[in-house]
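Engineer: Structure file model_10.txt (compact mmCIF, C-alpha atoms and all ligand atoms) right here:
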```
# COMPACT_ATOMS: atom_id res chain seq x y z
CA MET A 1 -0.77 -9.50 -19.41
CA PHE A 2 -1.25 -8.46 -23.06
CA SER A 3 1.01 -9.84 -25.78
CA ASN A 4 -0.45 -7.33 -28.24
CA PRO A 5 0.78 -3.74 -27.52
CA TRP A 6 -2.32 -2.22 -29.17
CA ARG A 7 -4.61 -4.15 -26.81
CA ALA A 8 -2.42 -3.23 -23.84
CA TRP A 9 -2.64 0.45 -24.76
CA ARG A 10 -6.42 0.27 -25.18
CA HIS A 11 -6.74 -1.44 -21.80
CA TRP A 12 -4.58 1.24 -20.15
CA ARG A 13 -6.62 3.99 -21.81
CA ARG A 14 -9.93 2.39 -20.66
CA GLN A 15 -8.64 2.10 -17.07
CA ARG A 16 -7.56 5.73 -17.08
CA PHE A 17 -11.00 6.75 -18.40
CA LEU A 18 -12.76 4.73 -15.67
CA ARG A 19 -10.65 6.26 -12.90
CA ARG A 20 -11.85 9.68 -14.04
CA TYR A 21 -15.38 9.10 -15.26
CA ALA A 22 -16.84 5.88 -13.81
CA ILE A 23 -20.35 6.21 -12.35
CA GLY A 24 -19.88 6.80 -8.59
CA HIS A 25 -20.05 3.81 -6.23
CA SER A 26 -23.05 4.92 -4.15
CA LEU A 27 -25.09 5.86 -7.24
CA TRP A 28 -24.19 2.55 -8.88
CA ALA A 29 -25.10 0.57 -5.74
CA GLN A 30 -28.50 2.31 -5.70
CA ILE A 31 -29.13 1.31 -9.32
CA MET A 32 -28.01 -2.28 -8.79
CA ARG A 33 -30.74 -2.69 -6.14
CA LEU A 34 -33.47 -2.15 -8.76
CA PRO A 35 -35.41 -5.30 -9.75
CA MET A 36 -33.98 -5.87 -13.24
CA PHE A 37 -30.38 -5.92 -12.01
CA VAL A 38 -30.93 -8.36 -9.15
CA GLY A 39 -28.83 -11.52 -9.51
CA LEU A 40 -26.00 -10.07 -11.62
CA ASP A 41 -22.73 -11.35 -10.18
CA ALA A 42 -19.79 -9.11 -9.24
CA VAL A 43 -18.05 -9.55 -12.61
CA GLU A 44 -21.24 -8.73 -14.54
CA ARG A 45 -21.90 -5.66 -12.37
CA ALA A 46 -18.37 -4.39 -12.93
CA ARG A 47 -18.67 -4.96 -16.70
CA LEU A 48 -22.08 -3.23 -16.78
CA ARG A 49 -20.72 -0.28 -14.79
CA GLU A 50 -17.88 0.06 -17.27
CA LEU A 51 -20.22 -0.05 -20.29
CA ALA A 52 -22.68 2.36 -18.64
CA SER A 53 -19.91 4.82 -17.71
CA VAL A 54 -18.67 4.89 -21.31
CA PHE A 55 -22.29 5.25 -22.51
CA VAL A 56 -22.90 8.25 -20.20
CA HIS A 57 -19.72 9.90 -21.44
CA ASP A 58 -20.04 9.12 -25.17
CA LYS A 59 -23.66 10.07 -25.71
CA VAL A 60 -24.79 13.67 -26.10
CA TRP A 61 -27.69 14.32 -23.75
CA HIS A 62 -30.49 16.73 -24.63
CA PRO A 63 -32.90 17.45 -21.76
CA LYS A 64 -36.19 18.95 -22.97
CA GLU A 65 -38.77 21.30 -21.52
CA THR A 66 -38.48 21.56 -17.71
CA LEU A 67 -36.17 18.60 -17.17
CA VAL A 68 -32.93 19.35 -15.29
CA LEU A 69 -30.53 16.54 -16.15
CA THR A 70 -28.69 14.91 -13.23
CA ASP A 71 -26.25 11.99 -12.76
CA TRP A 72 -29.21 9.85 -11.62
CA HIS A 73 -30.98 10.39 -14.96
CA ARG A 74 -27.90 9.54 -16.97
CA ALA A 75 -26.81 6.55 -14.89
CA LEU A 76 -30.26 4.95 -14.69
CA ILE A 77 -30.76 5.21 -18.45
CA ALA A 78 -27.22 4.04 -19.23
CA ALA A 79 -27.45 0.98 -16.93
CA GLN A 80 -30.68 -0.17 -18.59
CA ALA A 81 -29.47 0.67 -22.10
CA CYS A 82 -26.27 -1.36 -21.62
CA LEU A 83 -27.88 -4.40 -19.96
CA PRO A 84 -28.79 -5.99 -23.34
CA GLY A 85 -25.21 -5.34 -24.51
CA LEU A 86 -23.57 -6.88 -21.45
CA ASN A 87 -22.22 -9.90 -23.36
CA LEU A 88 -22.23 -8.42 -26.87
CA ASP A 89 -19.49 -6.66 -28.79
CA GLU A 90 -19.41 -3.11 -27.38
CA LYS A 91 -19.67 -1.73 -30.93
CA ARG A 92 -23.33 -2.76 -30.91
CA LEU A 93 -24.02 0.03 -28.40
CA GLN A 94 -22.34 2.58 -30.64
CA GLY A 95 -22.95 4.11 -34.07
CA TRP A 96 -25.34 6.79 -32.85
CA ARG A 97 -24.91 9.69 -30.47
CA ASP A 98 -27.89 11.63 -29.16
CA ILE A 99 -30.33 10.99 -26.34
CA ILE A 100 -33.32 13.32 -26.08
CA LEU A 101 -35.03 13.17 -22.70
CA TYR A 102 -38.47 14.62 -21.98
CA PRO A 103 -39.82 14.96 -18.44
CA ALA A 104 -43.09 13.16 -19.32
CA PRO A 105 -44.82 11.46 -22.32
CA PHE A 106 -44.30 13.62 -25.40
CA TRP A 107 -46.13 14.41 -28.62
CA ALA A 108 -44.47 13.20 -31.78
CA GLU A 109 -45.51 13.82 -35.36
CA HIS A 110 -44.50 11.63 -38.27
CA GLU A 111 -45.40 11.58 -41.91
CA GLN A 112 -46.46 8.32 -43.52
CA VAL A 113 -46.59 7.86 -47.30
CA ASP A 114 -49.13 5.28 -48.45
CA GLU A 115 -49.01 3.20 -51.66
CA ALA A 116 -50.87 5.92 -53.60
CA GLY A 117 -48.22 8.44 -52.56
CA VAL A 118 -50.52 10.27 -50.15
CA VAL A 119 -48.68 11.81 -47.21
CA THR A 120 -50.45 11.71 -43.86
CA ALA A 121 -49.16 13.35 -40.69
CA GLU A 122 -49.70 11.24 -37.59
CA ARG A 123 -49.54 12.72 -34.12
CA ALA A 124 -49.22 10.47 -31.09
CA VAL A 125 -48.23 10.61 -27.43
CA LEU A 126 -45.13 8.46 -26.94
CA ASP A 127 -42.82 7.37 -24.14
CA GLY A 128 -39.95 6.37 -26.39
CA GLU A 129 -38.65 6.35 -29.94
CA ALA A 130 -35.52 5.03 -31.65
CA TRP A 131 -34.47 6.63 -34.93
CA LEU A 132 -32.36 4.87 -37.55
CA ASP A 133 -28.89 6.51 -37.34
CA GLY A 134 -30.53 9.15 -35.15
CA PRO A 135 -31.40 9.82 -31.55
CA LEU A 136 -32.94 7.72 -28.85
CA VAL A 137 -35.92 9.66 -27.48
CA LEU A 138 -37.16 8.86 -23.97
CA GLU A 139 -39.32 10.33 -21.26
CA TRP A 140 -38.35 10.24 -17.63
CA GLN A 141 -41.67 9.81 -15.84
CA THR A 142 -42.47 6.39 -17.32
CA LEU A 143 -38.97 5.01 -17.34
CA GLU A 144 -38.25 5.88 -13.70
CA HIS A 145 -41.60 4.46 -12.60
CA GLU A 146 -40.94 1.23 -14.53
CA ALA A 147 -37.44 0.82 -13.13
CA GLN A 148 -38.62 1.17 -9.52
CA ARG A 149 -41.59 -1.13 -9.87
CA ARG A 150 -41.34 -4.73 -8.63
CA HIS A 151 -43.68 -6.98 -10.63
CA PRO A 152 -44.57 -6.95 -13.36
CA HIS A 153 -42.17 -4.43 -14.70
CA ARG A 154 -41.19 -3.29 -18.17
CA SER A 155 -38.44 -1.10 -19.56
CA VAL A 156 -38.98 1.44 -22.29
CA VAL A 157 -35.18 1.91 -22.36
CA ILE A 158 -34.61 -1.79 -23.15
CA HIS A 159 -37.45 -1.62 -25.69
CA GLU A 160 -35.84 1.27 -27.56
CA MET A 161 -32.36 -0.26 -27.29
CA ALA A 162 -33.74 -3.47 -28.82
CA HIS A 163 -34.85 -1.34 -31.80
CA LYS A 164 -31.34 0.13 -31.97
CA LEU A 165 -29.77 -3.35 -31.96
CA ASP A 166 -32.33 -4.50 -34.55
CA MET A 167 -31.27 -1.56 -36.76
CA GLY A 168 -27.68 -2.86 -36.71
CA ASN A 169 -28.25 -4.37 -40.16
CA GLY A 170 -29.96 -1.35 -41.69
CA ARG A 171 -33.55 -1.32 -40.53
CA ALA A 172 -35.82 -2.45 -37.71
CA ASN A 173 -37.50 -5.62 -38.98
CA GLY A 174 -37.32 -7.96 -35.98
CA MET A 175 -34.06 -9.57 -37.03
CA PRO A 176 -30.91 -7.98 -35.60
CA PRO A 177 -27.51 -9.06 -36.96
CA LEU A 178 -27.27 -12.61 -35.57
CA HIS A 179 -24.09 -14.30 -34.35
CA PRO A 180 -22.36 -16.77 -36.68
CA ASP A 181 -23.48 -19.70 -34.49
CA GLN A 182 -27.16 -18.70 -34.83
CA SER A 183 -29.47 -20.01 -37.56
CA ARG A 184 -31.40 -17.37 -39.52
CA PRO A 185 -34.07 -19.88 -40.67
CA GLU A 186 -34.64 -20.99 -37.06
CA TRP A 187 -34.89 -17.38 -35.88
CA THR A 188 -37.33 -16.50 -38.68
CA GLU A 189 -39.49 -19.56 -38.12
CA THR A 190 -39.62 -19.10 -34.33
CA PHE A 191 -40.45 -15.42 -34.41
CA SER A 192 -42.87 -15.64 -37.35
CA ARG A 193 -44.87 -18.38 -35.65
CA ALA A 194 -45.02 -16.54 -32.30
CA PHE A 195 -45.88 -13.23 -33.98
CA GLU A 196 -48.68 -14.76 -36.09
CA ASN A 197 -50.11 -16.59 -33.06
CA LEU A 198 -50.16 -13.36 -31.07
CA GLN A 199 -51.75 -11.44 -33.96
CA THR A 200 -54.50 -14.06 -34.26
CA ARG A 201 -55.21 -13.96 -30.52
CA VAL A 202 -55.31 -10.15 -30.50
CA GLU A 203 -57.66 -10.11 -33.52
CA HIS A 204 -59.98 -12.57 -31.75
CA GLY A 205 -59.95 -10.46 -28.58
CA ALA A 206 -58.28 -13.15 -26.43
CA ARG A 207 -58.03 -12.09 -22.80
CA HIS A 208 -54.77 -13.87 -22.00
CA LEU A 209 -51.81 -13.04 -24.21
CA SER A 210 -48.23 -14.28 -24.08
CA LEU A 211 -46.99 -10.72 -24.62
CA ASP A 212 -48.43 -7.21 -24.58
CA ALA A 213 -50.83 -6.71 -27.53
CA TYR A 214 -48.56 -3.94 -28.82
CA ALA A 215 -46.09 -6.69 -29.85
CA ALA A 216 -48.62 -7.73 -32.53
CA THR A 217 -48.12 -4.37 -34.34
CA ASN A 218 -45.26 -5.66 -36.55
CA PRO A 219 -42.19 -7.95 -36.27
CA ALA A 220 -39.94 -5.09 -35.08
CA GLU A 221 -42.29 -4.30 -32.17
CA PHE A 222 -42.58 -8.01 -31.40
CA PHE A 223 -38.80 -8.26 -31.05
CA ALA A 224 -38.64 -5.10 -28.89
CA VAL A 225 -41.46 -6.16 -26.54
CA ALA A 226 -40.11 -9.73 -26.32
CA SER A 227 -36.71 -8.24 -25.39
CA GLU A 228 -38.34 -6.23 -22.59
CA PHE A 229 -39.97 -9.37 -21.25
CA PHE A 230 -36.70 -11.30 -21.64
CA PHE A 231 -34.89 -8.90 -19.29
CA CYS A 232 -37.76 -7.87 -16.98
CA GLN A 233 -40.09 -10.89 -16.85
CA PRO A 234 -37.98 -13.80 -18.11
CA HIS A 235 -39.99 -16.50 -16.32
CA ALA A 236 -43.22 -15.34 -17.95
CA LEU A 237 -41.63 -15.18 -21.41
CA HIS A 238 -40.07 -18.62 -20.98
CA GLN A 239 -43.35 -20.08 -19.79
CA HIS A 240 -45.40 -18.73 -22.71
CA GLU A 241 -42.82 -18.57 -25.52
CA PRO A 242 -39.94 -20.95 -24.69
CA ALA A 243 -38.63 -21.02 -28.28
CA VAL A 244 -38.54 -17.19 -28.45
CA TYR A 245 -36.79 -17.14 -25.07
CA ALA A 246 -34.14 -19.58 -26.37
CA GLN A 247 -33.50 -17.47 -29.49
CA LEU A 248 -33.17 -14.28 -27.42
CA SER A 249 -30.88 -16.04 -24.96
CA ALA A 250 -28.63 -17.10 -27.87
CA PHE A 251 -28.67 -13.55 -29.26
CA TYR A 252 -28.11 -11.61 -26.03
CA ARG A 253 -25.82 -14.33 -24.64
CA GLN A 254 -27.61 -14.09 -21.30
CA ASP A 255 -30.10 -16.16 -19.35
CA PRO A 256 -31.95 -13.75 -17.01
CA ARG A 257 -34.18 -16.61 -15.79
CA GLN A 258 -31.15 -17.97 -13.94
CA ARG A 259 -30.53 -14.77 -12.03
CA LEU A 260 -33.95 -13.20 -11.41
CA PRO A 261 -36.23 -14.61 -8.73
CA HIS A 262 -39.41 -16.33 -9.83
CA PRO A 263 -42.18 -13.88 -8.94
CA VAL A 264 -45.02 -15.10 -6.75
CA SER A 265 -47.56 -14.07 -9.35
CA PHE A 266 -47.93 -11.87 -12.40
ZN ZN A 301 -41.19 0.09 -30.34
```
So, in terms of structure tokens, how does the structure I just supplied come out?
Ligand SMILES: [Zn+2]

Structural biologist:
Amino acid sequence: MFSNPWRAWRHWRRQRFLRRYAIGHSLWAQIMRLPMFVGLDAVERARLRELASVFVHDKVWHPKETLVLTDWHRALIAAQACLPGLNLDEKRLQGWRDIILYPAPFWAEHEQVDEAGVVTAERAVLDGEAWLDGPLVLEWQTLEHEAQRRHPHRSVVIHEMAHKLDMGNGRANGMPPLHPDQSRPEWTETFSRAFENLQTRVEHGARHLSLDAYAATNPAEFFAVASEFFFCQPHALHQHEPAVYAQLSAFYRQDPRQRLPHPVSF
């Protein structure tokens, strides 16, 4: 099967790992019934289960406050976190280790330094954070509610993983490391135009927006929110921002519009 002994050994080692540590069948079947996973074929489900099982095992999990961590917590987060990486090099899901999980939205404090060198501490209630070379911070209440919801649904896990992928070239700026067959100028032009349009509409108080207003915060948030829509509401994203959808489809090497049913209404 493998002409290269190194690849054969790695395959054998992966199979041995999966026999011991794969996410259990009944738990996996329960997760695959959730809206965002509908339409994945058998090969994709098996690949996702493999990635998610490795993710559960490789990450160090830190439950906070009253949360008692279970297999359901780990598997539901891992399945969502690995969905964007389904057709990417597995290394893109690696390079960081810790997942901090709160039971509910949490307070976070950060210091900002302005141009005059003044340091300001900002406190905010958050439902997710992704740190450069650091942990992924999530809260269970929102993410479980989002995963169970039919339409429209979002995913804070996919949002934060998009930030992690974006940081693959050093910082979150809305441009992850693209594939060799992708054009950086096309990506920049497409996203800049969509971001500026959304910012203008938000500033003018427009009622109907192509994406959540939060995407107008900066290009990194635009990429993260667009990624959520790409995986959770692909028909809506394609309808309002077809060029952004095409760029994301080329980056993630997936086309969720083909597998998810067209909702009756949003
Ligand atoms: Zn964000």

Engineer: Let me see if you get this right: every residue at most 8 Å from ligand ZN 301 (chain A), counting all atoms listed in the file, written as a PDB file with C-alpha atoms, in the frame of the given file.

Structural biologist:
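Output saved as selection.pdb:
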```
ATOM      1  CA  GLY A 128     -39.950   6.370 -26.390  1.00  0.00           C
ATOM      2  CA  GLU A 129     -38.650   6.350 -29.940  1.00  0.00           C
ATOM      3  CA  ALA A 130     -35.520   5.030 -31.650  1.00  0.00           C
ATOM      4  CA  HIS A 159     -37.450  -1.620 -25.690  1.00  0.00           C
ATOM      5  CA  GLU A 160     -35.840   1.270 -27.560  1.00  0.00           C
ATOM      6  CA  HIS A 163     -34.850  -1.340 -31.800  1.00  0.00           C
ATOM      7  CA  ALA A 220     -39.940  -5.090 -35.080  1.00  0.00           C
ATOM      8  CA  GLU A 221     -42.290  -4.300 -32.170  1.00  0.00           C
ATOM      9  CA  ALA A 224     -38.640  -5.100 -28.890  1.00  0.00           C
ATOM     10  CA  VAL A 225     -41.460  -6.160 -26.540  1.00  0.00           C
TER      11      VAL A 225
END
```

Engineer: Can you pull out every residue within 12 Å of Leu34 of chain A, counting only C-alpha atoms, but drop anything in the same chain fewer than 5 positions away, and send it as a PyMOL selection string?

Structural biologist: chain A and resi 27-29+39-40+76+79-80+144-151+153+155+232+260

Engineer: Hey, which of A:Ala194, A:Leu136, A:Val54, A:Leu93 ends up closest to Arg14 of chain A? Count all atoms listed in the file.

Structural biologist: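 Residue with the minimum atom-to-atom distance to Arg14 of chain A: A:Val54.
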
Engineer: Around the point (-43.3, 15.8, -16.6) (coordinates from the file), which residues reach within 8 Å if we count all atoms listed in the file? Answer as a list in words.

Structural biologist: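 Residues with an atom at most 8 Å from (-43.3, 15.8, -16.6): Thr66, Leu67, Tyr102, Pro103, Ala104, Pro105, Trp140 and Gln141 of chain A.
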
Engineer: Find the residue from A:Thr120, A:Gln15, A:Gln258, A:Ser227 that sits nearest to Asp166 of chain A; use only C-alpha atoms when measuring.

Structural biologist: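 Between A:Thr120, A:Gln15, A:Gln258, A:Ser227, the residue approaching Asp166 of chain A most closely is A:Ser227.
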
Engineer: Measure the distance from atom CA of Trp61 of chain A to atom CA of Ala226 of chain A in Å and round it to one decimal.

Structural biologist: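 Value for the atom CA of Trp61 of chain A-atom CA of Ala226 of chain A distance: 27.2 Å.
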
Engineer: What is the atom CA of Thr200 of chain A to atom CA of Ile158 of chain A distance in Å?

Structural biologist: 25.9 Å

Engineer: Return as AutoDock Vina command-line options the box centre and box size in Å, one decimal, for an axis-aligned box around all listed atoms of segment 70-77 of chain A padded by 4 Å per side.

Structural biologist:
```
--center_x -28.6 --center_y 9.9 --center_z -15.0 --size_x 12.7 --size_y 18.0 --size_z 14.8
```
